[in-house]
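Asker: Would you mind keeping the following structure in view while I ask a few things?
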Amino acid sequence: MSTTGIIFSNLHDMSIADLTRKRTMASVPFGCRYRLIDFALSNMVNAGISDINVITHNNYRSLMDHLGSGKDWDLARRTGGLKVLPPFITAYSNDTNALYTSRLEALKSIQGVVAGITADTVVLSDCDAICNIDLRKLIEYHNAEDADVTYAVKTIPLTAATSEHYNIISSDENGTITDITAHKKGVEGKFDVSINIWVFKRQYLQSSLLDAAAHGYTSFTHDIIGRSLNRKTFKVYRYDGFYANITSMADYYAINMSLLNPANREALFKVKERPIYTKVRNSAPTKYVDGAQVKNSLVADGCVIEGTVENSILFRGVRVGKNAVVKNAILFQDTQILSGAFVNCVIADKNVVIRNDVMLSGHPTMPLYIEKSKMI
Amino acid sequence: MYHKKECVAMLLAGGQGSRLYTLTEKTAKPAVPFGGKYRIIDFPLSNCVNSGIDTVGVLTQYQPLELNEYIGNGQAWDLDRTFGGVMVLPPYQGNKSADWYKGTANAIYQNLAFIDRYDPEYVLVLSGDHIYKMDYAAMLDFHKKTEADCTIAVLNVTLEEASRFVIMNTDDNVKIYEFEEKPKHPKSTKASMGIYMFNYKKLKQYLIEDENTEGSANDFGKNIIPNMLAAGESMYAYPFSGYWKDVGTVSSLWEANMDLLGENPVFNLHDRSWRIFSRTSASPAQFVGENGVIDNALVSEGCEIMGTVKDSVLFNRVTVEEGATVTNSVIMGGVTIKAGATVNNVIIAENTTVGAGSVIGDGTKPGDNITILGSDLSVPDGMAIGGGLLVNAEKLSELV
């Protein structure tokens with residue numbers, strides 16, 4: 001059974017607005033050397049999906065730069081491969097609403113591409129779900145159940161503060177979806193929540209998009225799924241591996257920091273036969289100079305470390321000068337902490353320079369964000 | 001129709017490198033890992049790309065499998081081109097004869113058809129045995145300016161060292177008038193780096209003549225260069241100043257790795273104006289644990305450092321467990337140093353496991369008496385392996 005993939009690169013950008021001001025959710029840096037889309041892409045590639053469409057919305061230059069021809073994911077193919085779908089706006093239209101605001105509208109904007117899909121099943125995925133899931137098993141289950149749509153779900157504890165970020169999926173003992181509670185506030189307890197990965201029967205996706213266009217539907221959950229709950233077969237597939245969903249800067253910070261726990265790295269990056277791929281940058285190995293003190297930290301290649309680094313996440317090409325101290329920080333690509341500087345609970349975007357003897361500190365619940373190329 | 005190229009590079013990568021012992025048991029010398037994430041061949045290949053040479057023939061012969069796989073379609077070096085790019089050239093069976101490459105010159109001779117496709121004015125002959133950064137474009141400019149038929153890159157060595165090299169004796173205009181192999185009493189200190197720029201027409205003529213000469217060794221150093229000199233061709237020495245190292249022996253390989261360390265290293269890999277490209281795998285970032293200590297080291301992706309690493313080069317996916325100590329060593333990809341083991345003055349090849357509490361190597365004089373552990377070995381817990389031993393699977397079973 002052949003499968004095509006569709007990835008949404010711009011949904012939920014508002015939840016980490018600082019990081020997505022100049023990039024898509026898909027190209028938000030994560031875990032020393034990755035971008036969020038690497039997880040969705042690698043999951044698909046590891047399941048043998050080699051025909052993948054990425055829907056873009058705005059400021060997708062960084063995403064294009066990251067993806068290139070797709071060769072780093074083995075997706076530079078003559079047949080299929082990676083296709084980045086830029087927003088479709090005609091030159092003569094004044095329709096400012098041409099850009100989508102919901103997942104369903106995103107799909108409607110690529111109607112022509114979806115209509116041309118010939119694969120039996122289509123996997124849809126958001127970018128902000130960080131997981132390493134065996135999509136092969138999900139697709140097998142979907143096919144075996146002859147479902148129209150299968151939701152990948154994970155059972156997680158919700159609190160009043162977090163529940164609004166999730167879609168709660170209720171299902172019966174056969175795994176058939178009975179109800180969906182979308183973004184409800186104040187729910188507490190353990191629930192199956194959607195991890196925003198779906199498998200569609202191709203014909204069902206195509207026909208429901210035509211339907212949505214004819215009726216002016218805008219919501220994927222309410223209109224496509226909700227309206228057909230009793231008429232179509234919608235199933236749940238329970239995933240129980242590592243899953244993290246970024247809903248705020250504090251989340252972003254905490255999830256990055258959770259990688260310092262070896263069990264999480266094991267579950268995310270070291271799954272046998274399911275590596276996470278990313279763009280190769282050709283950095284030299286990281287150099288630790290005499291006097292460097294590094295503890296409980298993840299460090300990418302290309303760094304030069306002469307100072308102290310503790311409980312931190314360093315991306316490629318970061319430089320930490322003599323007597324500089326970096327604690328509980330996330331430093332993006334090519335950031336420089338000059339000698340004598342001190343940073344704590346900081347998220348420094350790309351190419352930031354913290355000059356000599358400057359001291360900066362945030363708090364774990366409110367990490368201090370420093371925008372790209374800023375010199376302090 | 002092939003596009004014409006001004007200059008084509010031919011990289012001799014068939015060398016066995018037998019003085020590297022078990023490190024070249026299963027692979028050709030140019031494929032030997034170096035510097036944390038590279039292989040020796042990355043240096044000449046990256047030099048080509050950085051110098052604007054986009055057509056490179058790689059001549060392989062000895063244990064070519066790993067090298068072929070490594071080079072692949074050349075994508076890692078941006079050499080997966082529609083016109084030109086990198087091409088692996090193994091010996092082949094022809095209509096009239098089927099020969100191994102008999103010598104360096106013969107290897108090029110057998111691939112004249114490859115060079116002819118690009119109709120180049122110049123051919124650059126390189127070897128895959130050296131670690132250096134060099135702008136071949138500057139050498140080509142020099143070659144054009146002197147209107148030479150052949151230009152040989154030379155390095156200034158000390159007078160004592162000179163008797164270990166092929167020495168070029170030149171006049172005041174660096175025109176070569178004499179050529180001496182390992183001279184007892186060197187007249188000059190200009191050592192050949194094994195890098196030759198030829199006018200292709202001349203090179204082709206001499207290669208064909210040499211092929212038809214009965215008893216020739218078909219070697220550049222022994223035949224082609226002396227013949228050209230004897231015939232009075234215009235030959236110049238191109239002076240190169242910078243780092244250049246032949247990593248043909250265990251101690252020179254160790255030294256070259258150590259040259260990458262320090263605040264101001266002898267050889268700088270972190271130079272963004274002259275990047276060294278290599279094929280890299282997707283490993284997650286390196287992790288330094290709560291009790292990890294790293295002092296003066298080069299560490300690559302995928303490493304997990306829970307113990308102590310000092311004055312060493314670690315390739316990707318190396319694990320150093322709690323209480324283990326690695327000093328003055330080169331640890332290649334996928335190696336695991338188990339808890340409490342001590343490794344000093346050792347080169348360990350890929351995917352070997354050093355058992356808990358083992359003591360490997362003798363660090364009394366770093367760089368002397370280096371111990372080598374071959375690839376895919378499993379050194380039992382608590383084992384002691386002394387200085388200067390060259391251990392492969394066979395030797396290990398003897399020692400156990």
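Every chain in the structure tokens has a letter given in the order shown (A, B, ...), and although residue numbers restart at 1 in each chain, ligands are simply numbered from 1 in the order shown.
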Name all residues at most 8 Å from stretch 166-181 of chain A (count only C-alpha atoms; drop same-chain ones fewer than 4 positions away) and give them as a tab-separated table (two decimals) with C-alpha atoms, in the first residue's frame.
Answerer:
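Result went into out_29.tsv, see below:
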chain	number	residue	atom	x	y	z
A	153	VAL	CA	-3.31	9.63	20.25
A	162	THR	CA	-2.90	22.88	29.82
A	191	PHE	CA	-7.17	11.55	28.54
A	192	ASP	CA	-6.32	10.40	25.05
A	193	VAL	CA	-5.22	13.50	23.20
A	194	SER	CA	-4.55	13.86	19.51
A	221	THR	CA	-12.12	18.82	13.61
A	226	GLY	CA	-17.26	16.01	13.80
A	229	LEU	CA	-18.65	10.78	13.42
A	233	THR	CA	-15.08	4.91	10.52
A	234	PHE	CA	-12.73	6.99	12.61
A	235	LYS	CA	-10.25	5.09	14.76
A	236	VAL	CA	-7.67	5.87	17.40
A	237	TYR	CA	-4.14	4.45	17.47
Asker: Just list as a PyMOL selection string whatever in stretch 176-213 of chain A DSSP marks as strand (DSSP E or B).
Answerer: chain A and resi 176-182+189-201
Asker: Counting only C-alpha atoms, which residues from chain B have an atom at most 7 Å from any atom of chain A, and could you show them as a list in words?
Answerer: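 The contacting residues on chain B are Gly36, Lys37, Gly262, Glu263, Leu269, His270, Phe277, Ser278, Ala282, Pro284, Ala285, Gln286, Phe287, Val288, Gly289, Glu290, Asn291, Gly292, Val293, Ile294, Asp295, Asn296, Ala297, Leu298, Val299, Ser300 and Glu301 of chain B.
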Asker: Could you take the residues named above and write them with N, CA, C and O atoms, as a compact mmCIF listing (two decimals), in the first residue's frame?
Answerer:
# COMPACT_ATOMS: atom_id res chain seq x y z
N GLY B 36 38.42 13.44 14.09
CA GLY B 36 37.12 13.51 14.74
C GLY B 36 35.94 13.20 13.84
O GLY B 36 34.95 12.67 14.29
N LYS B 37 36.02 13.57 12.56
CA LYS B 37 34.89 13.24 11.70
C LYS B 37 35.27 13.11 10.23
O LYS B 37 34.42 12.95 9.39
N GLY B 262 44.19 22.42 21.09
CA GLY B 262 44.75 23.62 21.70
C GLY B 262 44.06 24.89 21.26
O GLY B 262 43.26 24.90 20.32
N GLU B 263 44.39 25.95 21.96
CA GLU B 263 43.76 27.25 21.72
C GLU B 263 44.14 27.76 20.33
O GLU B 263 43.31 28.25 19.59
N LEU B 269 40.95 23.37 12.24
CA LEU B 269 39.79 22.86 11.52
C LEU B 269 38.61 23.83 11.59
O LEU B 269 37.65 23.71 10.86
N HIS B 270 38.68 24.77 12.55
CA HIS B 270 37.55 25.69 12.74
C HIS B 270 37.69 26.95 11.90
O HIS B 270 37.29 28.02 12.29
N PHE B 277 35.07 19.41 4.03
CA PHE B 277 33.78 18.73 3.92
C PHE B 277 33.96 17.24 4.17
O PHE B 277 35.02 16.69 3.91
N SER B 278 32.91 16.62 4.66
CA SER B 278 32.99 15.19 4.85
C SER B 278 31.59 14.63 4.86
O SER B 278 30.62 15.36 4.98
N ALA B 282 23.71 11.29 10.71
CA ALA B 282 22.85 12.09 11.57
C ALA B 282 22.89 11.54 12.99
O ALA B 282 22.07 10.73 13.37
N PRO B 284 22.75 12.49 17.12
CA PRO B 284 22.36 13.61 17.98
C PRO B 284 23.60 14.29 18.56
O PRO B 284 24.71 13.80 18.40
N ALA B 285 23.40 15.42 19.23
CA ALA B 285 24.52 16.17 19.79
C ALA B 285 25.27 15.36 20.84
O ALA B 285 24.75 14.37 21.35
N GLN B 286 26.47 15.80 21.14
CA GLN B 286 27.25 15.11 22.18
C GLN B 286 26.75 15.53 23.55
O GLN B 286 26.25 16.64 23.73
N PHE B 287 26.88 14.61 24.50
CA PHE B 287 26.40 14.88 25.85
C PHE B 287 27.56 14.75 26.83
O PHE B 287 28.30 13.79 26.79
N VAL B 288 27.69 15.76 27.68
CA VAL B 288 28.70 15.69 28.73
C VAL B 288 27.95 15.54 30.05
O VAL B 288 27.12 16.38 30.39
N GLY B 289 28.22 14.49 30.77
CA GLY B 289 27.46 14.17 31.98
C GLY B 289 27.89 14.98 33.19
O GLY B 289 28.84 15.77 33.14
N GLU B 290 27.18 14.75 34.26
CA GLU B 290 27.39 15.46 35.52
C GLU B 290 28.86 15.36 35.98
O GLU B 290 29.43 16.32 36.47
N ASN B 291 29.46 14.17 35.81
CA ASN B 291 30.84 13.99 36.26
C ASN B 291 31.84 13.99 35.10
O ASN B 291 32.99 13.61 35.28
N GLY B 292 31.36 14.36 33.94
CA GLY B 292 32.25 14.38 32.78
C GLY B 292 33.28 15.49 32.88
O GLY B 292 32.98 16.58 33.36
N VAL B 293 34.50 15.19 32.45
CA VAL B 293 35.54 16.22 32.44
C VAL B 293 36.19 16.18 31.06
O VAL B 293 36.64 15.12 30.61
N ILE B 294 36.19 17.31 30.38
CA ILE B 294 36.87 17.36 29.08
C ILE B 294 37.87 18.49 29.11
O ILE B 294 37.53 19.63 29.38
N ASP B 295 39.10 18.13 28.85
CA ASP B 295 40.16 19.11 28.93
C ASP B 295 40.99 18.99 27.66
O ASP B 295 41.59 17.95 27.41
N ASN B 296 41.00 20.03 26.86
CA ASN B 296 41.79 20.03 25.64
C ASN B 296 41.49 18.83 24.75
O ASN B 296 42.30 17.91 24.64
N ALA B 297 40.34 18.86 24.12
CA ALA B 297 39.96 17.72 23.28
C ALA B 297 39.08 18.16 22.14
O ALA B 297 38.52 19.26 22.15
N LEU B 298 38.99 17.30 21.14
CA LEU B 298 38.09 17.50 20.01
C LEU B 298 37.07 16.38 20.12
O LEU B 298 37.44 15.20 20.16
N VAL B 299 35.79 16.74 20.20
CA VAL B 299 34.76 15.73 20.43
C VAL B 299 33.65 15.89 19.39
O VAL B 299 33.23 17.01 19.11
N SER B 300 33.17 14.78 18.85
CA SER B 300 32.19 14.85 17.77
C SER B 300 30.79 14.47 18.21
O SER B 300 30.57 14.01 19.33
N GLU B 301 29.87 14.61 17.28
CA GLU B 301 28.46 14.33 17.54
C GLU B 301 28.23 12.90 18.01
O GLU B 301 28.91 11.98 17.60
Asker: What does the structure give for the distance between atom CA of A:Lys137 and atom CA of A:Ser50, in Å to one decimal?
Answerer: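 Taking atom CA of A:Lys137 and atom CA of A:Ser50, their separation equals 16.6 Å.
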Asker: Pick out the residues sitting within 8 Å of B:Tyr136, and hand them over as a compact mmCIF listing (two decimals) with N, CA and C atoms, in the first residue's frame; count only C-alpha atoms, and ignore anything fewer than 5 positions along from it in its own chain.
Answerer:
# COMPACT_ATOMS: atom_id res chain seq x y z
N ASN B 47 39.99 20.54 -0.71
CA ASN B 47 40.89 21.52 -1.35
C ASN B 47 40.47 21.75 -2.80
N CYS B 48 40.14 20.67 -3.51
CA CYS B 48 39.70 20.79 -4.90
C CYS B 48 38.47 21.69 -4.98
N SER B 51 39.05 25.20 -4.24
CA SER B 51 39.89 25.85 -5.25
C SER B 51 39.15 25.98 -6.57
Asker: Quote the spacing between atom CA of A:Arg355 and atom CA of A:Lys322 in Å to one decimal place.
Answerer: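 The value is 12.0 Å.
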